[in-house]
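This is entry-v5.cif. It holds mmCIF, C-alpha atoms and all ligand atoms.
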data_model
#
loop_
_atom_site.label_atom_id
_atom_site.label_comp_id
_atom_site.auth_asym_id
_atom_site.auth_seq_id
_atom_site.Cartn_x
_atom_site.Cartn_y
_atom_site.Cartn_z
CA MET A 1 122.95 101.46 105.06
CA LYS A 2 120.41 98.70 105.67
CA ALA A 3 118.20 97.47 102.83
CA VAL A 4 115.63 94.70 102.26
CA ARG A 5 117.14 92.72 99.40
CA PHE A 6 115.52 90.30 96.99
CA THR A 7 118.53 88.09 96.20
CA ALA A 8 117.27 85.04 94.27
CA TRP A 9 114.05 83.74 92.67
CA LYS A 10 111.71 81.96 95.09
CA THR A 11 113.74 83.19 98.06
CA PHE A 12 112.45 85.22 101.00
CA PRO A 13 114.19 88.64 101.18
CA THR A 14 117.00 89.41 103.60
CA ILE A 15 118.21 92.59 105.32
CA GLU A 16 121.71 93.43 104.12
CA ASP A 17 124.24 96.21 104.53
CA VAL A 18 124.74 97.98 101.19
CA PRO A 19 126.48 101.21 100.21
CA ARG A 20 124.37 104.38 100.29
CA PRO A 21 123.55 105.16 96.63
CA THR A 22 124.61 108.32 94.77
CA PRO A 23 122.03 110.17 92.65
CA GLY A 24 122.85 110.26 88.93
CA PRO A 25 122.18 113.21 86.61
CA GLY A 26 118.52 114.25 86.85
CA GLU A 27 118.02 112.17 90.00
CA VAL A 28 117.74 112.92 93.71
CA LEU A 29 118.71 110.93 96.79
CA LEU A 30 115.61 110.40 98.92
CA LYS A 31 115.88 109.77 102.67
CA ILE A 32 113.07 107.25 103.06
CA ALA A 33 110.17 108.23 105.33
CA GLY A 34 107.98 105.23 104.51
CA ALA A 35 108.05 102.20 102.22
CA GLY A 36 104.86 100.18 101.83
CA ALA A 37 104.86 96.38 101.61
CA CYS A 38 102.70 95.19 98.72
CA HIS A 39 101.27 91.81 97.72
CA SER A 40 103.11 92.20 94.39
CA ASP A 41 106.37 91.95 96.34
CA VAL A 42 105.27 88.61 97.75
CA ALA A 43 104.50 87.43 94.21
CA VAL A 44 107.95 88.62 93.13
CA PHE A 45 109.92 86.65 95.71
CA GLU A 46 107.56 83.70 96.09
CA GLN A 47 105.95 82.89 92.74
CA PHE A 48 108.02 84.45 89.96
CA ASP A 49 110.97 82.77 88.25
CA GLU A 50 113.35 83.19 85.27
CA THR A 51 110.41 83.30 82.86
CA MET A 52 109.60 86.82 84.14
CA GLY A 53 112.70 88.05 82.29
CA GLU A 54 115.70 90.18 83.12
CA GLN A 55 113.77 93.29 84.18
CA LEU A 56 112.59 91.74 87.43
CA ALA A 57 115.60 89.47 87.98
CA PRO A 58 117.34 89.68 91.37
CA SER A 59 119.13 91.09 93.13
CA TYR A 60 117.77 94.49 94.17
CA THR A 61 116.15 96.35 97.07
CA LEU A 62 112.36 95.89 97.32
CA GLY A 63 109.79 98.64 97.92
CA HIS A 64 107.78 100.31 95.12
CA GLU A 65 105.53 102.64 97.13
CA ASN A 66 107.80 105.14 98.80
CA SER A 67 107.96 108.58 100.36
CA GLY A 68 110.82 110.58 101.78
CA TRP A 69 112.77 113.80 102.10
CA ILE A 70 115.30 115.01 99.55
CA GLU A 71 118.78 114.45 100.96
CA GLU A 72 120.88 115.31 97.92
CA LEU A 73 120.36 116.66 94.38
CA GLY A 74 122.02 115.00 91.38
CA ASP A 75 123.61 116.97 88.52
CA GLY A 76 121.19 119.19 86.63
CA VAL A 77 118.37 119.05 89.17
CA THR A 78 117.00 122.49 90.01
CA GLY A 79 113.85 123.87 91.61
CA LEU A 80 113.73 121.23 94.35
CA ALA A 81 114.85 121.84 97.92
CA VAL A 82 116.79 119.50 100.19
CA GLY A 83 114.61 118.49 103.16
CA ASP A 84 111.25 118.76 101.38
CA ALA A 85 108.91 115.74 101.48
CA PHE A 86 107.80 113.88 98.36
CA LEU A 87 105.95 110.82 97.22
CA SER A 88 107.76 108.74 94.62
CA TYR A 89 105.97 107.56 91.46
CA GLY A 90 107.33 104.03 91.08
CA PRO A 91 107.20 103.14 87.35
CA ILE A 92 110.14 104.26 85.23
CA GLY A 93 109.79 104.08 81.44
CA CYS A 94 111.90 105.55 78.65
CA GLY A 95 110.58 109.02 79.49
CA HIS A 96 110.01 110.17 75.89
CA CYS A 97 107.47 107.90 74.15
CA PRO A 98 103.79 108.93 73.85
CA ALA A 99 102.82 106.98 77.01
CA CYS A 100 105.67 108.33 79.14
CA SER A 101 104.99 111.82 77.76
CA ARG A 102 101.55 111.72 79.33
CA GLY A 103 103.07 110.49 82.60
CA GLN A 104 101.96 106.89 82.08
CA ASP A 105 105.29 105.06 82.34
CA THR A 106 103.39 101.84 83.09
CA TYR A 107 102.48 101.58 79.41
CA CYS A 108 105.86 102.74 78.02
CA TYR A 109 106.20 101.90 74.32
CA ASN A 110 109.83 100.92 74.94
CA ALA A 111 109.22 98.87 78.09
CA ALA A 112 110.71 95.74 76.52
CA THR A 113 114.13 97.37 76.26
CA GLN A 114 114.13 99.10 79.66
CA PRO A 115 116.45 97.63 82.31
CA TYR A 116 113.72 97.52 85.01
CA LEU A 117 110.01 98.22 85.57
CA ALA A 118 110.05 100.51 88.60
CA THR A 119 111.84 101.42 91.80
CA GLY A 120 111.60 98.23 93.85
CA LEU A 121 110.74 96.18 90.76
CA GLY A 122 114.09 95.53 89.09
CA ARG A 123 115.68 98.80 90.26
CA ASP A 124 116.63 99.43 93.92
CA GLY A 125 113.50 100.49 95.81
CA GLY A 126 112.59 102.16 99.08
CA MET A 127 112.88 99.37 101.66
CA ALA A 128 116.17 100.99 102.67
CA GLU A 129 117.45 104.06 104.45
CA TYR A 130 117.97 105.87 101.12
CA MET A 131 116.90 105.48 97.48
CA THR A 132 117.69 107.33 94.28
CA VAL A 133 114.83 108.37 92.02
CA PRO A 134 114.48 110.55 88.88
CA ALA A 135 113.34 114.06 89.87
CA ARG A 136 110.51 113.69 87.34
CA ASN A 137 108.98 110.95 89.55
CA LEU A 138 108.60 113.17 92.64
CA VAL A 139 105.20 114.47 93.74
CA PRO A 140 105.36 117.10 96.52
CA LEU A 141 103.65 116.34 99.83
CA GLY A 142 103.99 119.78 101.41
CA ASP A 143 103.39 119.52 105.15
CA ALA A 144 101.35 116.28 104.96
CA ASP A 145 102.60 113.25 106.91
CA PRO A 146 104.91 111.34 104.51
CA VAL A 147 104.75 108.04 106.45
CA VAL A 148 100.99 107.59 106.13
CA ALA A 149 101.25 108.88 102.53
CA ALA A 150 103.69 106.18 101.36
CA PRO A 151 101.06 103.60 100.29
CA LEU A 152 99.33 106.20 98.12
CA SER A 153 101.87 105.72 95.34
CA ASP A 154 100.49 102.25 94.65
CA ALA A 155 97.60 101.35 97.00
CA GLY A 156 96.12 104.82 96.35
CA LEU A 157 97.12 105.44 92.74
CA THR A 158 96.08 102.03 91.37
CA PRO A 159 92.41 102.22 92.48
CA TYR A 160 92.30 105.94 91.63
CA HIS A 161 93.29 105.23 88.01
CA ALA A 162 90.71 102.43 87.73
CA ILE A 163 87.97 104.62 89.23
CA LYS A 164 88.78 107.67 87.09
CA LEU A 165 88.41 105.64 83.91
CA ALA A 166 85.03 104.37 85.15
CA LEU A 167 83.71 107.84 86.08
CA PRO A 168 81.41 108.15 83.01
CA ARG A 169 79.48 105.17 84.45
CA LEU A 170 79.14 106.85 87.86
CA GLN A 171 78.02 110.33 86.86
CA GLY A 172 74.51 111.42 87.81
CA GLY A 173 72.08 110.37 90.49
CA GLY A 174 71.24 106.81 91.51
CA LYS A 175 74.51 105.21 90.42
CA SER A 176 76.28 102.39 92.22
CA ALA A 177 79.77 100.94 92.55
CA LEU A 178 80.97 97.65 94.01
CA VAL A 179 84.42 96.99 95.49
CA ILE A 180 85.38 93.31 95.65
CA GLY A 181 88.34 92.61 97.95
CA LEU A 182 89.07 94.95 100.86
CA GLY A 183 92.84 94.73 101.29
CA GLY A 184 95.10 97.79 101.06
CA LEU A 185 93.86 98.85 97.61
CA GLY A 186 90.19 97.99 98.12
CA GLN A 187 89.92 100.02 101.33
CA ILE A 188 91.36 103.11 99.65
CA ALA A 189 89.08 102.47 96.66
CA VAL A 190 86.06 102.82 98.97
CA GLN A 191 87.44 106.13 100.26
CA ILE A 192 88.13 107.43 96.73
CA LEU A 193 84.67 106.42 95.45
CA THR A 194 83.08 108.17 98.43
CA ALA A 195 85.25 111.26 97.91
CA ILE A 196 84.90 111.82 94.16
CA THR A 197 81.57 110.24 93.14
CA GLY A 198 77.99 110.45 94.38
CA ALA A 199 77.49 106.72 93.82
CA THR A 200 76.27 104.29 96.47
CA VAL A 201 79.34 102.23 97.30
CA TYR A 202 78.91 98.50 97.99
CA ALA A 203 81.82 96.39 99.21
CA THR A 204 82.53 92.77 99.99
CA ASP A 205 85.33 90.68 101.46
CA THR A 206 85.71 87.36 103.26
CA LYS A 207 87.10 89.07 106.40
CA PRO A 208 84.53 90.63 108.79
CA GLU A 209 87.07 93.16 110.13
CA ALA A 210 87.81 94.36 106.58
CA MET A 211 84.07 94.80 105.99
CA ALA A 212 83.77 96.81 109.23
CA GLU A 213 86.61 99.08 108.09
CA ALA A 214 84.91 99.70 104.73
CA GLU A 215 81.65 100.55 106.48
CA LYS A 216 83.46 103.22 108.50
CA ALA A 217 84.58 104.72 105.16
CA GLY A 218 80.97 104.89 103.94
CA ALA A 219 80.44 101.57 102.13
CA LYS A 220 77.40 99.33 102.42
CA THR A 221 78.82 95.83 102.84
CA ILE A 222 77.32 92.66 101.45
CA GLU A 223 78.40 89.30 102.83
CA GLY A 224 79.62 86.50 100.60
CA GLY A 225 78.22 83.00 100.32
CA GLU A 226 75.17 81.62 98.61
CA GLY A 227 72.84 84.14 97.03
CA GLN A 228 75.37 86.99 97.16
CA ALA A 229 74.84 88.01 93.54
CA ASP A 230 71.08 88.10 94.09
CA ARG A 231 71.47 90.22 97.21
CA ILE A 232 73.66 92.72 95.34
CA ARG A 233 71.20 92.92 92.44
CA GLU A 234 68.34 93.39 94.89
CA ALA A 235 70.20 96.22 96.63
CA THR A 236 70.41 98.04 93.28
CA GLY A 237 66.70 97.65 92.61
CA GLY A 238 67.38 94.79 90.20
CA GLN A 239 69.34 96.95 87.75
CA GLY A 240 72.81 95.83 88.75
CA VAL A 241 75.98 97.74 89.57
CA ASP A 242 77.22 100.50 87.25
CA ALA A 243 80.93 100.05 88.00
CA VAL A 244 82.49 96.96 89.58
CA PHE A 245 86.10 96.95 90.78
CA ASP A 246 87.65 93.54 91.40
CA PHE A 247 90.81 93.82 93.51
CA VAL A 248 91.27 90.04 93.63
CA GLY A 249 90.98 88.75 90.06
CA ILE A 250 90.26 85.05 90.69
CA THR A 251 87.59 83.20 88.71
CA PRO A 252 84.88 83.44 91.45
CA THR A 253 85.32 87.21 91.92
CA ILE A 254 85.26 88.05 88.21
CA THR A 255 82.26 85.72 87.80
CA LEU A 256 80.49 87.58 90.63
CA ALA A 257 81.23 90.85 88.84
CA GLN A 258 79.71 89.49 85.63
CA GLN A 259 76.61 88.38 87.53
CA VAL A 260 75.97 91.76 89.16
CA VAL A 261 77.12 94.33 86.59
CA ALA A 262 74.41 96.50 85.04
CA ARG A 263 73.65 96.81 81.34
CA ARG A 264 76.10 99.41 80.00
CA GLY A 265 78.12 98.95 83.20
CA ARG A 266 81.83 98.39 83.54
CA ILE A 267 83.92 95.72 85.29
CA THR A 268 87.52 96.67 86.03
CA VAL A 269 89.76 93.82 87.13
CA VAL A 270 92.63 95.33 89.12
CA GLY A 271 93.75 92.24 91.10
CA VAL A 272 96.46 90.27 89.36
CA ALA A 273 95.44 86.72 90.37
CA GLY A 274 94.85 85.89 86.69
CA GLY A 275 91.69 83.79 87.08
CA PRO A 276 90.13 82.89 83.71
CA VAL A 277 86.44 83.49 82.96
CA GLU A 278 84.14 82.72 80.08
CA TRP A 279 83.06 85.44 77.70
CA ASN A 280 80.62 85.08 74.85
CA PHE A 281 77.75 87.12 73.47
CA TYR A 282 75.43 85.99 76.28
CA ALA A 283 77.92 86.02 79.20
CA ASN A 284 77.54 89.67 80.25
CA PRO A 285 74.61 92.11 80.20
CA TYR A 286 74.40 94.17 76.98
CA GLU A 287 77.18 96.72 76.53
CA ALA A 288 78.81 95.82 79.85
CA GLU A 289 82.55 96.25 79.53
CA LEU A 290 85.12 93.91 81.05
CA THR A 291 88.56 95.44 81.25
CA ASN A 292 91.74 95.70 83.34
CA THR A 293 93.97 98.53 84.53
CA TYR A 294 97.53 98.65 85.80
CA TRP A 295 98.86 101.23 88.33
CA GLY A 296 98.36 104.87 87.14
CA THR A 297 99.90 108.11 85.88
CA ILE A 298 102.10 110.78 87.44
CA GLU A 299 99.36 113.37 86.95
CA GLU A 300 96.88 111.15 88.78
CA LEU A 301 99.35 110.77 91.67
CA TYR A 302 99.23 114.57 92.07
CA GLU A 303 95.43 114.28 92.29
CA VAL A 304 95.66 111.46 94.85
CA VAL A 305 97.97 113.63 96.97
CA GLU A 306 95.45 116.49 96.78
CA LEU A 307 92.72 114.17 98.14
CA TYR A 308 95.09 113.07 100.91
CA ARG A 309 96.09 116.62 101.84
CA ALA A 310 92.41 117.60 101.95
CA GLY A 311 91.74 114.75 104.40
CA ARG A 312 89.44 112.97 101.93
CA ILE A 313 91.50 109.75 101.82
CA THR A 314 93.70 108.35 104.59
CA PRO A 315 95.50 105.01 104.28
CA GLN A 316 95.34 102.81 107.38
CA VAL A 317 98.96 101.92 108.10
CA LYS A 318 100.90 99.76 110.52
CA THR A 319 104.50 100.88 110.85
CA TYR A 320 107.57 98.67 111.17
CA SER A 321 111.16 99.68 111.93
CA MET A 322 113.94 98.74 109.51
CA ASP A 323 114.87 95.79 111.74
CA GLU A 324 111.23 94.59 111.65
CA ALA A 325 110.94 94.93 107.87
CA LEU A 326 110.95 91.18 107.19
CA GLN A 327 108.18 90.77 109.77
CA ALA A 328 106.09 93.13 107.64
CA TYR A 329 106.36 90.69 104.73
CA HIS A 330 105.60 87.72 107.01
CA ASP A 331 102.48 89.48 108.33
CA LEU A 332 101.41 90.42 104.81
CA HIS A 333 101.97 86.88 103.59
CA ASP A 334 100.05 85.38 106.54
CA GLY A 335 97.07 87.71 106.03
CA LYS A 336 97.58 89.27 109.49
CA LEU A 337 97.29 92.88 108.33
CA SER A 338 94.17 94.97 108.02
CA GLY A 339 95.98 98.20 107.02
CA ARG A 340 99.08 98.66 104.92
CA ALA A 341 102.47 97.66 106.36
CA VAL A 342 104.86 100.61 106.08
CA VAL A 343 108.57 100.35 106.91
CA THR A 344 109.97 103.54 108.47
CA PRO A 345 113.79 103.33 108.38
CA HIS A 346 114.38 106.65 110.18
CA ALA A 347 111.56 106.65 112.75
ZN ZN B 401 102.20 97.15 94.61
ZN ZN B 402 108.28 105.36 77.33
#

What's the structure tokens form of this structure?
Ligand code: ZN
Ligand code: ZN
Amino acid sequence: MKAVRFTAWKTFPTIEDVPRPTPGPGEVLLKIAGAGACHSDVAVFEQFDETMGEQLAPSYTLGHENSGWIEELGDGVTGLAVGDAFLSYGPIGCGHCPACSRGQDTYCYNAATQPYLATGLGRDGGMAEYMTVPARNLVPLGDADPVVAAPLSDAGLTPYHAIKLALPRLQGGGKSALVIGLGGLGQIAVQILTAITGATVYATDTKPEAMAEAEKAGAKTIEGGEGQADRIREATGGQGVDAVFDFVGITPTITLAQQVVARRGRITVVGVAGGPVEWNFYANPYEAELTNTYWGTIEELYEVVELYRAGRITPQVKTYSMDEALQAYHDLHDGKLSGRAVVTPHA
């Protein structure tokens, strides 16, 4: 079968012919419906090197946000039917520590001794015709379209987790949220905030077409440039924003978040750019929290799927055939995408 392979550090992936995998005990073989291309993949093959450690070391098949139909059941797997559609939760921890027990494999206590981080991140992922995955990681899609659903397992789950943890700041009337960065995750964040909170949702990005997309989803957009922080504060009646979500994570975006957050508000940095900022007693309004989140839990992925099946959130996707899969990464890298690039090996 064909697969998009990450073969060496700082090397663009290639499409290779590899054997179709066999599901191990407790696993299933998934016939891939959709595999989303994520900016983290670009970081993996473009920026990372040996210092990242063995868990992410090449070679393996990329793709950590995947959906598909069960093709084959491994030993010991019961209660699942061949042909049914599922979303795949990407992270794979030890499965039995306190974090994994609550479905949060991202924070596995034994992560340091695991052989990989996730499907598509150290273990063969979904940019292929087939992928194996532990049955525990499957979230049923029912009759919902699995291709459009694929990005939900990262581009949906990651903002959902960040927003859920900020919900105490958004409860009640007159609350506000701000989404900084309207790529794949930021756009779905606007949809989630609109669907599950009553807050006024503000959003900003450097691309006008991304701002237009967010407006369609119910956001009030605020342009960048000089005076942006003042304009955001003004929009909130001078009080500031109750919950800020930064999907970029560079110094200017985190600084903007610090300038506009309300007293007792919360800034969640989700973007992994790693920009440093200053913090001291006077840097942020009183009791404003500055924190980060990473991906989400299996239980939350069930909740994301419920929102999707109810029509409350819908990822914007652009599909690519298996032969066009490398083009998806080129387009992502060149900033040519407004929606999520999804590779559909069997379309
Ligand atoms: Zn990702
Ligand atoms: Zn664990």

Show me, as a compact mmCIF listing (two decimals) with C-alpha atoms, keeping the file's coordinate frame, the residues that have an atom within 8 Å of stretch 231-246 of chain A when counting all atoms listed in the file, minus same-chain residues fewer than 3 positions from it.
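Below you can see part.txt, which holds the result:
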# COMPACT_ATOMS: atom_id res chain seq x y z
CA ALA A 162 90.71 102.43 87.73
CA ALA A 166 85.03 104.37 85.15
CA ARG A 169 79.48 105.17 84.45
CA LEU A 170 79.14 106.85 87.86
CA LYS A 175 74.51 105.21 90.42
CA SER A 176 76.28 102.39 92.22
CA ALA A 177 79.77 100.94 92.55
CA LEU A 178 80.97 97.65 94.01
CA VAL A 179 84.42 96.99 95.49
CA ILE A 180 85.38 93.31 95.65
CA GLY A 181 88.34 92.61 97.95
CA ILE A 222 77.32 92.66 101.45
CA GLY A 227 72.84 84.14 97.03
CA GLN A 228 75.37 86.99 97.16
CA GLY A 249 90.98 88.75 90.06
CA THR A 253 85.32 87.21 91.92
CA ILE A 254 85.26 88.05 88.21
CA ALA A 257 81.23 90.85 88.84
CA VAL A 260 75.97 91.76 89.16
CA VAL A 261 77.12 94.33 86.59
CA ALA A 262 74.41 96.50 85.04
CA ARG A 263 73.65 96.81 81.34
CA ARG A 264 76.10 99.41 80.00
CA GLY A 265 78.12 98.95 83.20
CA ARG A 266 81.83 98.39 83.54
CA ILE A 267 83.92 95.72 85.29
CA THR A 268 87.52 96.67 86.03
CA VAL A 269 89.76 93.82 87.13
CA VAL A 270 92.63 95.33 89.12
CA GLY A 271 93.75 92.24 91.10

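Using all atoms listed in the file, the nearest neighbour of A:Glu54 within the list A:Ala112, A:Cys97, A:Cys38, A:Val82 is A:Ala112.
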
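Across the model, the gap from atom CA of A:Lys10 to atom CA of A:Leu182 is 26.7 Å.
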
Determine, for each residue of stretch 246-336 of chain A having at least one atom at most 12 Å from an atom of stretch 88-93 of chain A, the closest pair of atoms and their separation in Å to one decimal, counting only C-alpha atoms; order by chain and ascending number, as CSV.
residue,atom,partner,partner_atom,distance
A:Tyr294,CA,A:Pro91,CA,10.8
A:Trp295,CA,A:Pro91,CA,8.6
A:Gly296,CA,A:Pro91,CA,9.0
A:Thr297,CA,A:Tyr89,CA,8.3
A:Ile298,CA,A:Tyr89,CA,6.4
A:Glu299,CA,A:Tyr89,CA,9.9
A:Glu300,CA,A:Tyr89,CA,10.1
A:Leu301,CA,A:Tyr89,CA,7.4
A:Tyr302,CA,A:Tyr89,CA,9.7
A:Val304,CA,A:Tyr89,CA,11.5
A:Val305,CA,A:Ser88,CA,11.2

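Only residues having an atom at most 9 Å from (85.9, 91.3, 100.0) are included; using only C-alpha atoms, these are Val179, Ile180, Gly181, Leu182, Gly183, Gly186, Ala203, Thr204, Asp205, Thr206, Lys207, Pro208, Ala210, Met211, Thr221, Ile222, Glu223, Gly224, Phe247 and Val248 of chain A.
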
What are the nearest atom pairs, with distances in Å to one decimal, for all residues of chain A that come at most 9 Å from ligand ZN 401 (chain B), using only C-alpha atoms and all ligand atoms, set out by chain and rising residue number as a tab-separated table?
residue	atom	partner	partner_atom	distance
A:Gly36	CA	B:ZN401	ZN	8.3
A:Ala37	CA	B:ZN401	ZN	7.5
A:Cys38	CA	B:ZN401	ZN	4.6
A:His39	CA	B:ZN401	ZN	6.2
A:Ser40	CA	B:ZN401	ZN	5.0
A:Asp41	CA	B:ZN401	ZN	6.9
A:Gly63	CA	B:ZN401	ZN	8.4
A:His64	CA	B:ZN401	ZN	6.4
A:Glu65	CA	B:ZN401	ZN	6.9
A:Pro151	CA	B:ZN401	ZN	8.7
A:Ser153	CA	B:ZN401	ZN	8.6
A:Asp154	CA	B:ZN401	ZN	5.4
A:Ala155	CA	B:ZN401	ZN	6.7
A:Thr158	CA	B:ZN401	ZN	8.5
A:Trp295	CA	B:ZN401	ZN	8.2

Practice prompt. Give the residues close to ligand ZN 402 (chain B), within 6 Å, counting only C-alpha atoms and all ligand atoms; write them as JSON, numbers by chain.
Written response: {"A": [93, 94, 95, 96, 97, 99, 100, 105, 108, 109, 110]}

Could you write out the selected residues, including C-alpha atoms, as an mmCIF file, in the coordinates of the input?
data_model
loop_
_atom_site.group_PDB
_atom_site.id
_atom_site.type_symbol
_atom_site.label_atom_id
_atom_site.label_comp_id
_atom_site.auth_asym_id
_atom_site.auth_seq_id
_atom_site.Cartn_x
_atom_site.Cartn_y
_atom_site.Cartn_z
ATOM 1 C CA GLY A 93 109.790 104.080 81.440
ATOM 2 C CA CYS A 94 111.900 105.550 78.650
ATOM 3 C CA GLY A 95 110.580 109.020 79.490
ATOM 4 C CA HIS A 96 110.010 110.170 75.890
ATOM 5 C CA CYS A 97 107.470 107.900 74.150
ATOM 6 C CA ALA A 99 102.820 106.980 77.010
ATOM 7 C CA CYS A 100 105.670 108.330 79.140
ATOM 8 C CA ASP A 105 105.290 105.060 82.340
ATOM 9 C CA CYS A 108 105.860 102.740 78.020
ATOM 10 C CA TYR A 109 106.200 101.900 74.320
ATOM 11 C CA ASN A 110 109.830 100.920 74.940
#

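Within 7 Å of the point (111.0, 105.6, 108.8), counting only C-alpha atoms, the protein and nucleic acid residues come to Ile32, Ala33, Gly34, Ser321, Val343, Thr344, Pro345, His346 and Ala347 of chain A.
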
Worksheet item: Closest to A:Gly335 among A:Gly184, A:Ala35, A:Gln191, A:Arg312, using all atoms listed in the file?
Response: A:Gly184

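Closest approach to A:Asp124 among A:Arg5, A:Lys318, A:His330, A:Arg340 is made by A:Arg5 (distances from only C-alpha atoms).
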
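Minimum atom-to-atom distance to A:Glu50, evaluated using all atoms listed in the file, belongs to A:Trp9 out of A:Trp9, A:Gly142, A:Asn284, A:Gly156.
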
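Computed from the coordinates, the atom CA of A:Leu332 to atom CA of A:Ala118 distance equals 21.0 Å.
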
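Coordinates place atom CA of A:Ala150 at a distance of 17.4 Å from atom CA of A:Val28.
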
Worksheet, complete the sentence: The residue from A:Gln171, A:Gln47, A:Gln114, A:Thr61 with the smallest atom-to-atom distance to A:Thr197, counting all atoms listed in the file, is A:Gln171

Worksheet item: Skipping near chain neighbours, those fewer than 4 positions away, what residues fall within 7 Å of stretch 14-17 of chain A using all atoms listed in the file, listed as number ranges by chain?
Response: A: 1-6

Worksheet entry | Closest of A:Ile188, A:Leu29, A:Ala57, A:Met52 to A:Trp69 - atom-to-atom distances counting all atoms listed in the file | A:Leu29

Item to complete: Please identify all polymer residues within 9 Å of A:Pro134, counting only C-alpha atoms, omitting same-chain residues fewer than 3 positions from it, and present them as an MDAnalysis selection string.
Response: chainID A and resid 23:29 92 137:138

May I have the selected residues written with C-alpha atoms, as a compact mmCIF listing (two decimals), keeping the file's coordinate frame?
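Below is the file that was written, part-v6.txt:
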# COMPACT_ATOMS: atom_id res chain seq x y z
CA PRO A 23 122.03 110.17 92.65
CA GLY A 24 122.85 110.26 88.93
CA PRO A 25 122.18 113.21 86.61
CA GLY A 26 118.52 114.25 86.85
CA GLU A 27 118.02 112.17 90.00
CA VAL A 28 117.74 112.92 93.71
CA LEU A 29 118.71 110.93 96.79
CA ILE A 92 110.14 104.26 85.23
CA ASN A 137 108.98 110.95 89.55
CA LEU A 138 108.60 113.17 92.64

Is it possible to get the axis-aligned box enclosing stretch 187-191 of chain A (all listed atoms, 5 Å extra per side) as AutoDock Vina command-line options, with centre and edge lengths in Å rounded to one decimal?
--center_x 88.7 --center_y 103.1 --center_z 99.0 --size_x 15.3 --size_y 16.1 --size_z 14.7
